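For reference, work_39.tsv (TSV, C-alpha atoms):
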chain	number	residue	atom	x	y	z
A	1	MET	CA	13.49	-45.71	-38.08
A	2	TYR	CA	10.15	-43.92	-37.91
A	3	GLU	CA	8.96	-45.51	-41.17
A	4	HIS	CA	10.06	-48.99	-40.07
A	5	VAL	CA	8.31	-48.69	-36.70
A	6	ARG	CA	5.16	-47.29	-38.32
A	7	GLN	CA	5.00	-50.06	-40.91
A	8	THR	CA	5.65	-52.85	-38.41
A	9	THR	CA	3.51	-51.27	-35.65
A	10	SER	CA	6.31	-52.23	-33.27
A	11	GLY	CA	6.07	-49.14	-31.06
A	12	ARG	CA	6.64	-45.41	-31.15
A	13	VAL	CA	9.59	-43.24	-32.11
A	14	TYR	CA	10.10	-39.72	-30.74
A	15	LEU	CA	12.58	-37.02	-31.66
A	16	GLY	CA	14.00	-34.77	-28.98
A	17	PRO	CA	13.13	-32.78	-27.12
A	18	CYS	CA	10.98	-35.34	-25.35
A	19	ASP	CA	11.33	-35.76	-21.60
A	20	ILE	CA	12.06	-39.21	-20.26
A	21	ILE	CA	11.40	-39.40	-16.54
A	22	LEU	CA	13.86	-41.95	-15.16
A	23	SER	CA	13.48	-40.76	-11.55
A	24	ASP	CA	12.61	-37.57	-9.65
A	25	GLN	CA	16.24	-36.46	-10.09
A	26	ASN	CA	16.88	-37.82	-13.59
A	27	VAL	CA	14.99	-36.39	-16.54
A	28	VAL	CA	16.72	-36.71	-19.91
A	29	GLN	CA	16.03	-35.78	-23.52
A	30	PRO	CA	17.80	-38.10	-25.95
A	31	ASP	CA	17.91	-37.08	-29.61
A	32	ILE	CA	15.77	-40.08	-30.59
A	33	LEU	CA	13.96	-42.66	-28.50
A	34	PHE	CA	11.92	-45.78	-29.18
A	35	VAL	CA	9.29	-47.39	-26.95
A	36	SER	CA	8.08	-50.84	-27.99
A	37	SER	CA	4.36	-51.48	-28.47
A	38	VAL	CA	4.24	-53.74	-25.40
A	39	ARG	CA	5.40	-50.83	-23.21
A	40	THR	CA	3.38	-47.88	-24.53
A	41	GLU	CA	1.68	-47.47	-21.13
A	42	ILE	CA	4.75	-45.43	-20.06
A	43	ILE	CA	3.90	-42.78	-22.67
A	44	SER	CA	1.78	-39.81	-21.62
A	45	PRO	CA	0.87	-36.66	-23.55
A	46	LYS	CA	3.60	-34.77	-21.64
A	47	ASN	CA	6.49	-37.26	-21.36
A	48	VAL	CA	7.72	-40.82	-21.23
A	49	GLY	CA	7.44	-42.07	-17.66
A	50	GLY	CA	10.18	-44.67	-17.62
A	51	PRO	CA	13.08	-45.97	-19.63
A	52	PRO	CA	12.49	-46.40	-23.37
A	53	ASP	CA	13.73	-49.52	-25.13
A	54	LEU	CA	16.24	-47.52	-27.18
A	55	ALA	CA	17.91	-44.13	-26.76
A	56	VAL	CA	19.99	-42.48	-29.47
A	57	GLU	CA	22.39	-39.61	-28.92
A	58	VAL	CA	24.16	-37.70	-31.69
A	59	ILE	CA	27.46	-36.56	-30.26
A	60	SER	CA	29.26	-33.32	-30.92
A	61	ARG	CA	32.60	-32.13	-29.65
A	62	TYR	CA	30.69	-30.41	-26.83
A	63	SER	CA	28.73	-33.49	-25.74
A	64	VAL	CA	31.32	-36.28	-25.93
A	65	ARG	CA	31.81	-36.63	-22.16
A	66	LYS	CA	28.08	-36.33	-21.43
A	67	ASP	CA	27.05	-38.89	-24.07
A	68	ARG	CA	29.92	-41.39	-23.77
A	69	ILE	CA	30.22	-41.44	-19.99
A	70	LEU	CA	27.37	-39.78	-18.09
A	71	ARG	CA	24.48	-40.85	-20.32
A	72	LEU	CA	25.98	-44.28	-20.95
A	73	ASN	CA	26.08	-44.98	-17.20
A	74	LEU	CA	22.71	-43.37	-16.49
A	75	TYR	CA	20.91	-45.22	-19.28
A	76	ALA	CA	22.40	-48.52	-18.12
A	77	LYS	CA	21.41	-47.83	-14.52
A	78	TYR	CA	17.77	-47.36	-15.53
A	79	GLY	CA	17.62	-50.33	-17.87
A	80	ILE	CA	17.47	-48.85	-21.37
A	81	ARG	CA	18.03	-51.98	-23.46
A	82	GLU	CA	20.02	-50.37	-26.28
A	83	TYR	CA	21.95	-47.15	-26.54
A	84	TRP	CA	23.22	-45.84	-29.87
A	85	VAL	CA	25.92	-43.17	-30.10
A	86	VAL	CA	25.93	-41.50	-33.51
A	87	ASN	CA	29.17	-39.76	-34.47
A	88	PRO	CA	28.72	-37.51	-37.53
A	89	VAL	CA	32.45	-36.72	-37.78
A	90	GLU	CA	33.46	-40.41	-37.94
A	91	GLN	CA	30.24	-41.33	-39.74
A	92	SER	CA	29.74	-44.18	-37.30
A	93	VAL	CA	27.09	-45.61	-35.01
A	94	GLU	CA	28.15	-47.41	-31.85
A	95	LEU	CA	25.51	-49.79	-30.53
A	96	PHE	CA	25.60	-50.69	-26.85
A	97	ARG	CA	23.48	-53.54	-25.46
A	98	LEU	CA	22.53	-53.82	-21.83
A	99	LEU	CA	23.94	-56.91	-20.16
A	100	GLY	CA	22.84	-57.00	-16.56
A	101	THR	CA	23.46	-53.49	-15.29
A	102	LYS	CA	26.21	-52.48	-17.74
A	103	TYR	CA	26.47	-51.83	-21.43
A	104	GLU	CA	28.59	-53.88	-23.77
A	105	LEU	CA	29.67	-52.47	-27.12
A	106	SER	CA	27.86	-54.71	-29.59
A	107	GLY	CA	29.29	-53.10	-32.69
A	108	LYS	CA	30.61	-49.99	-34.35
A	109	TYR	CA	28.88	-49.54	-37.68
A	110	LYS	CA	30.18	-47.47	-40.58
A	111	PRO	CA	28.77	-46.94	-44.08
A	112	GLY	CA	28.46	-50.28	-45.85
A	113	THR	CA	27.81	-52.29	-42.66
A	114	PRO	CA	24.11	-52.48	-41.68
A	115	ILE	CA	23.23	-51.83	-38.05
A	116	VAL	CA	21.98	-54.95	-36.23
A	117	SER	CA	19.56	-54.15	-33.40
A	118	GLN	CA	17.87	-56.58	-31.04
A	119	VAL	CA	15.39	-53.92	-29.97
A	120	LEU	CA	14.31	-53.18	-33.55
A	121	PRO	CA	14.33	-56.53	-35.34
A	122	LEU	CA	14.30	-56.42	-39.13
A	123	PHE	CA	15.52	-52.81	-38.99
A	124	ASP	CA	19.03	-52.93	-40.40
A	125	PRO	CA	19.84	-49.58	-41.94
A	126	ASP	CA	23.15	-48.85	-43.56
A	127	PRO	CA	24.76	-45.96	-41.68
A	128	ALA	CA	25.40	-44.36	-45.09
A	129	LYS	CA	21.67	-43.45	-45.11
A	130	ILE	CA	21.99	-41.75	-41.75
A	131	PHE	CA	24.79	-39.51	-42.94
A	132	GLN	CA	23.35	-38.63	-46.37
A	133	PRO	CA	22.90	-34.92	-46.89
A	134	TYR	CA	19.29	-33.85	-47.36

Could I get this file's structure written as structure tokens?
Amino acid sequence: MYEHVRQTTSGRVYLGPCDIILSDQNVVQPDILFVSSVRTEIISPKNVGGPPDLAVEVISRYSVRKDRILRLNLYAKYGIREYWVVNPVEQSVELFRLLGTKYELSGKYKPGTPIVSQVLPLFDPDPAKIFQPY
């Protein structure tokens, strides 16, 4: 994702921990976030002062409820356009798109099926690359 965004100059990618200030009471640190180039004014040296275009969470057995329920609802409430839930155990990526004020599951991608994002056009990685060992 970083390489794609850098080459296309489409915005900025950050790895957690990076504070996103959604409100005075809601500060989150997704595992990965993307802010499009037309919205970089929300980025400061200390944090991101508003919803990014994309938030990615890698779930574990300890974070399932937080990532699938709490974060899903919070991110939708504050208008994050896409939310990806990466599941290393299933080797899958669930992509949720914001429709109005709620997310709709756009697709569940497994190795062999490229991810199709509206937020990152022309970025269609195969989930197999995500789950490759280093």

Checklist entry - Nearest to Val58 in chain A: which of A:Glu90, A:Asp19, A:Glu41, A:Glu3 is it, counting all atoms listed in the file? => result A:Glu90

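We find CA of Pro114 in chain A and CA of Arg39 in chain A to be spaced 26.3 Å apart.
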
Item to check | Spatial neighbours of Thr40 in chain A, 12 Å, all atoms listed in the file, chain gap at least 3 places, as number ranges by chain | outcome: A: 9-13, 34-37, 43-45, 47-53

Checklist entry - Just how far from CA of Leu74 in chain A is CA of Phe131 in chain A, in Å to one decimal? => result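 These atoms are spaced 26.8 Å apart.
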
Next on the checklist: Considering only C-alpha atoms, can you say which of A:Asp124, A:Asp31, A:Asp24, A:Glu104 comes closest to Ile59 in chain A?
Outcome noted: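 With only C-alpha atoms as the atom set, the closest residue is A:Asp31.
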
Checklist entry - How many Å lie between CA of Tyr2 in chain A and CA of Gln25 in chain A, rounded to one decimal? => result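 Result for CA of Tyr2 in chain A versus CA of Gln25 in chain A: 29.4 Å, one decimal.
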
Next on the checklist: Could you check the closest approach to Leu98 in chain A for each of A:Leu120, A:Leu33, A:Val64, A:Leu54 and tell me which residue wins, using all atoms listed in the file?
Outcome noted: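 Among A:Leu120, A:Leu33, A:Val64, A:Leu54, it is A:Leu54 that comes nearest to Leu98 in chain A.
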
Next on the checklist: Using only C-alpha atoms for the distances, tell me which of A:Ile32, A:Ile69, A:Met1, A:Leu22 is nearest to Tyr103 in chain A.
Outcome noted: A:Ile69

Item to check | Pick from A:Ala55, A:Val93, A:Val27, A:Ile21, whichever lies nearest to Gly107 in chain A using only C-alpha atoms | outcome: A:Val93

Checklist entry - Pick from A:Gln7, A:Tyr78, A:Pro17, A:Val89: nearest to Lys46 in chain A, with only C-alpha atoms counted? => result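 Counting only C-alpha atoms, the residue closest to Lys46 in chain A is A:Pro17.
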
Which polymer residues, whether protein, DNA or RNA, lie within 7 Å of the coordinate (27.4, -51.8, -30.3) when you count only C-alpha atoms? List them as an mmCIF file with C-alpha atoms, in the coordinates of the input, using the chain letters and numbers from the file.
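Written out: result.cif:
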data_model
loop_
_atom_site.group_PDB
_atom_site.id
_atom_site.type_symbol
_atom_site.label_atom_id
_atom_site.label_comp_id
_atom_site.auth_asym_id
_atom_site.auth_seq_id
_atom_site.Cartn_x
_atom_site.Cartn_y
_atom_site.Cartn_z
ATOM 1 C CA GLU A 94 28.150 -47.410 -31.850
ATOM 2 C CA LEU A 95 25.510 -49.790 -30.530
ATOM 3 C CA PHE A 96 25.600 -50.690 -26.850
ATOM 4 C CA ARG A 97 23.480 -53.540 -25.460
ATOM 5 C CA GLU A 104 28.590 -53.880 -23.770
ATOM 6 C CA LEU A 105 29.670 -52.470 -27.120
ATOM 7 C CA SER A 106 27.860 -54.710 -29.590
ATOM 8 C CA GLY A 107 29.290 -53.100 -32.690
ATOM 9 C CA LYS A 108 30.610 -49.990 -34.350
#

Around all the atoms of range 34-44 of chain A listed in the file, with 4 Å of room on each side, what axis-aligned box do you get, giving centre and edge lengths in Å to one decimal, as lines of an AutoDock Vina configuration file?
center_x = 6.8
center_y = -46.8
center_z = -24.6
size_x = 18.2
size_y = 21.9
size_z = 17.1

Quick one: everything within 10 Å of Thr101 in chain A, counting all atoms listed in the file, minus sequence neighbours fewer than 5 positions away in the same chain. Send it as a PDB file with C-alpha atoms, in the frame of the given file.
ATOM      1  CA  ASN A  73      26.080 -44.980 -17.200  1.00  0.00           C
ATOM      2  CA  TYR A  75      20.910 -45.220 -19.280  1.00  0.00           C
ATOM      3  CA  ALA A  76      22.400 -48.520 -18.120  1.00  0.00           C
ATOM      4  CA  LYS A  77      21.410 -47.830 -14.520  1.00  0.00           C
ATOM      5  CA  TYR A  78      17.770 -47.360 -15.530  1.00  0.00           C
ATOM      6  CA  GLY A  79      17.620 -50.330 -17.870  1.00  0.00           C
ATOM      7  CA  ILE A  80      17.470 -48.850 -21.370  1.00  0.00           C
ATOM      8  CA  ARG A  81      18.030 -51.980 -23.460  1.00  0.00           C
TER       9      ARG A  81
END
